[in-house]
Amino acid sequence: MQRTLAAAAAVIASTIVMSVAVASADHGSVTGTVTAKGVRTSANIVLSLRAPGLTVTPPKKPIEMDQKGMVFLPFVLPVVTGTTVKFLNSDPLPHNVFSPEGKYNLGTWPQGDTREYTYKKPGVYTQLCRVHTEMVAYVVVLDTPYFATTNASGQFEIKDVPAGTYTLVGWGERLKKFEQSVTVEDGKATTVNITMAR
Ligand SMILES: [Cu+2]
């Protein structure tokens, strides 16, 4: 009987230790607002946290970028290095995808067909269409799992970030690159308000 009680106590003790461990693994976040000057919107700005030794795991399934209503959707697509992007065409006419930085041209294809491209190096890849010269989008390839894109109000939230010191990097179309050191604490939100300019 005593042995059973001791065993039960041991189980309870280990359960408590486990729940404490889960609580302490409650990561922090970085939130804030970007004010973009000299451009018409503070939306679609990619904020990412950089630090030495960060590793990324690309998703098993491709991430989609559509061409619909004569625009690329989304306009800015942040992904981690190694991600495959599937380019769709939802319009009743042919579209093309090529990228000057990536030096790839996936061809021109009709509605319903798709093409894929795997991004092996970090960087910003402009997506253009040879058929419609006004079409433009960006695939932003990152060597960090911690990133977010600003909404229409310029707000962003990078979630589930382990405690530590990072370099917060901002990228937006036609804007100068932004960099600032930020410290993240577990269980807390670090708020950073940023101004970016052309
Ligand atoms: Cu097109």
# chains A, B, ... in the order shown; residues from 1 in each chain; ligands from 1
>>> residues_near_ligand(ligand="ligand 1", cutoff="7 Å", atoms="only C-alpha atoms and all ligand atoms", output="number ranges by chain")
A: 70, 94-96, 129-132, 135
>>> write_last_selection(atoms="C-alpha atoms", output="short mmCIF file (atom, residue, chain, number, x, y, z; two decimals), in the first residue's frame")
data_model
loop_
_atom_site.label_atom_id
_atom_site.label_comp_id
_atom_site.auth_asym_id
_atom_site.auth_seq_id
_atom_site.Cartn_x
_atom_site.Cartn_y
_atom_site.Cartn_z
CA MET A 70 -4.21 40.94 -63.16
CA PRO A 94 -1.83 33.53 -70.00
CA HIS A 95 0.54 34.88 -67.33
CA ASN A 96 4.30 34.54 -66.96
CA CYS A 129 5.17 38.94 -65.74
CA ARG A 130 6.50 39.38 -69.30
CA VAL A 131 2.92 39.58 -70.66
CA HIS A 132 1.77 42.35 -68.27
CA MET A 135 2.44 43.22 -62.59
#
>>> residues_around(residues="Gln180 of chain A", least_positions_apart="4", cutoff="9 Å", atoms="only C-alpha atoms", output="list in words")
Tyr166, Thr167, Leu168, Val169 and Gly170 of chain A
>>> write_last_selection(atoms="N, CA and C atoms", output="PDB file, in the first residue's frame")
ATOM      1  N   TYR A 166      18.014  39.906 -30.516  1.00  0.00           N
ATOM      2  CA  TYR A 166      17.919  39.723 -31.965  1.00  0.00           C
ATOM      3  C   TYR A 166      18.142  41.056 -32.674  1.00  0.00           C
ATOM      4  N   THR A 167      18.437  40.976 -33.963  1.00  0.00           N
ATOM      5  CA  THR A 167      18.386  42.160 -34.808  1.00  0.00           C
ATOM      6  C   THR A 167      17.052  42.127 -35.542  1.00  0.00           C
ATOM      7  N   LEU A 168      16.229  43.158 -35.315  1.00  0.00           N
ATOM      8  CA  LEU A 168      14.953  43.279 -36.019  1.00  0.00           C
ATOM      9  C   LEU A 168      15.234  43.954 -37.352  1.00  0.00           C
ATOM     10  N   VAL A 169      14.885  43.265 -38.438  1.00  0.00           N
ATOM     11  CA  VAL A 169      15.157  43.775 -39.784  1.00  0.00           C
ATOM     12  C   VAL A 169      13.827  44.043 -40.480  1.00  0.00           C
ATOM     13  N   GLY A 170      13.702  45.222 -41.092  1.00  0.00           N
ATOM     14  CA  GLY A 170      12.505  45.568 -41.847  1.00  0.00           C
ATOM     15  C   GLY A 170      12.815  45.703 -43.327  1.00  0.00           C
TER      16      GLY A 170
END
>>> residues_around(residues="segment 74-81 of chain A", least_positions_apart="3", cutoff="10 Å", atoms="only C-alpha atoms", output="ChimeraX atom specification")
/A:43-48,55-59,63-68,71,84-85,118-127,135-149,172-173
>>> atom_distance(atom1="atom CA of Thr108 of chain A", atom2="atom CA of Gly82 of chain A")
23.9 Å
>>> select_by_dssp(residues="segment 13-121 of chain A", states="helix (DSSP H, G or I)", output="ChimeraX atom specification")
/A:13-24
>>> residues_around(residues="Trp109 of chain A", least_positions_apart="4", cutoff="10 Å", atoms="only C-alpha atoms", output="list in words")
Leu88, Asn89, Leu93, Pro94, His95, Asn96, Val97, Asp113, Thr114 and Arg115 of chain A
>>> residues_around(residues="Ser153 of chain A", least_positions_apart="4", cutoff="10 Å", atoms="only C-alpha atoms", output="PDB file with N, CA and C atoms, in the first residue's frame")
ATOM      1  N   THR A  33       4.248  48.920 -34.656  1.00  0.00           N
ATOM      2  CA  THR A  33       3.662  49.578 -35.818  1.00  0.00           C
ATOM      3  C   THR A  33       4.781  50.199 -36.645  1.00  0.00           C
ATOM      4  N   VAL A  34       4.688  50.012 -37.944  1.00  0.00           N
ATOM      5  CA  VAL A  34       5.640  50.631 -38.860  1.00  0.00           C
ATOM      6  C   VAL A  34       4.970  51.834 -39.522  1.00  0.00           C
ATOM      7  N   THR A  35       5.662  52.976 -39.510  1.00  0.00           N
ATOM      8  CA  THR A  35       5.228  54.140 -40.268  1.00  0.00           C
ATOM      9  C   THR A  35       6.179  54.276 -41.452  1.00  0.00           C
ATOM     10  N   THR A  41       1.619  53.318 -48.572  1.00  0.00           N
ATOM     11  CA  THR A  41       1.061  52.427 -47.545  1.00  0.00           C
ATOM     12  C   THR A  41       2.146  51.911 -46.614  1.00  0.00           C
ATOM     13  N   SER A  42       1.739  51.634 -45.369  1.00  0.00           N
ATOM     14  CA  SER A  42       2.635  50.984 -44.397  1.00  0.00           C
ATOM     15  C   SER A  42       2.355  49.481 -44.323  1.00  0.00           C
ATOM     16  N   ALA A  43       1.551  48.988 -45.264  1.00  0.00           N
ATOM     17  CA  ALA A  43       1.252  47.554 -45.326  1.00  0.00           C
ATOM     18  C   ALA A  43       2.350  46.813 -46.082  1.00  0.00           C
ATOM     19  N   ASN A  44       2.348  45.488 -45.956  1.00  0.00           N
ATOM     20  CA  ASN A  44       3.241  44.619 -46.731  1.00  0.00           C
ATOM     21  C   ASN A  44       4.720  44.842 -46.462  1.00  0.00           C
TER      22      ASN A  44
END
>>> closest_residue(among="A:Arg50, A:Glu179, A:Gly164, A:Asn193", to="His27 of chain A", atoms="only C-alpha atoms")
A:Gly164
>>> residues_around(residues="Lys159 of chain A", least_positions_apart="4", cutoff="7 Å", atoms="only C-alpha atoms", output="PyMOL selection string")
chain A and resi 28-30
>>> write_last_selection(atoms="N, CA and C atoms", output="compact mmCIF listing (two decimals), in the first residue's frame")
# COMPACT_ATOMS: atom_id res chain seq x y z
N GLY A 28 8.17 34.66 -25.93
CA GLY A 28 7.74 36.04 -26.03
C GLY A 28 7.31 36.40 -27.44
N SER A 29 7.11 37.69 -27.66
CA SER A 29 6.73 38.15 -28.99
C SER A 29 7.27 39.56 -29.22
N VAL A 30 7.31 39.97 -30.48
CA VAL A 30 7.68 41.33 -30.82
C VAL A 30 6.53 41.92 -31.61
>>> closest_residue(among="A:Leu128, A:Lys86, A:Pro162, A:Asp91", to="Asp186 of chain A", atoms="only C-alpha atoms")
A:Pro162
>>> select_by_dssp(residues="segment 18-157 of chain A", states="strand (DSSP E or B)", output="ChimeraX atom specification")
/A:28-37,46-50,63-68,71-73,76-80,84-88,95-99,104-109,114-118,123-128,136-142,147-149,155-157
>>> atom_distance(atom1="atom CA of Arg198 of chain A", atom2="atom CA of Phe98 of chain A")
25.3 Å
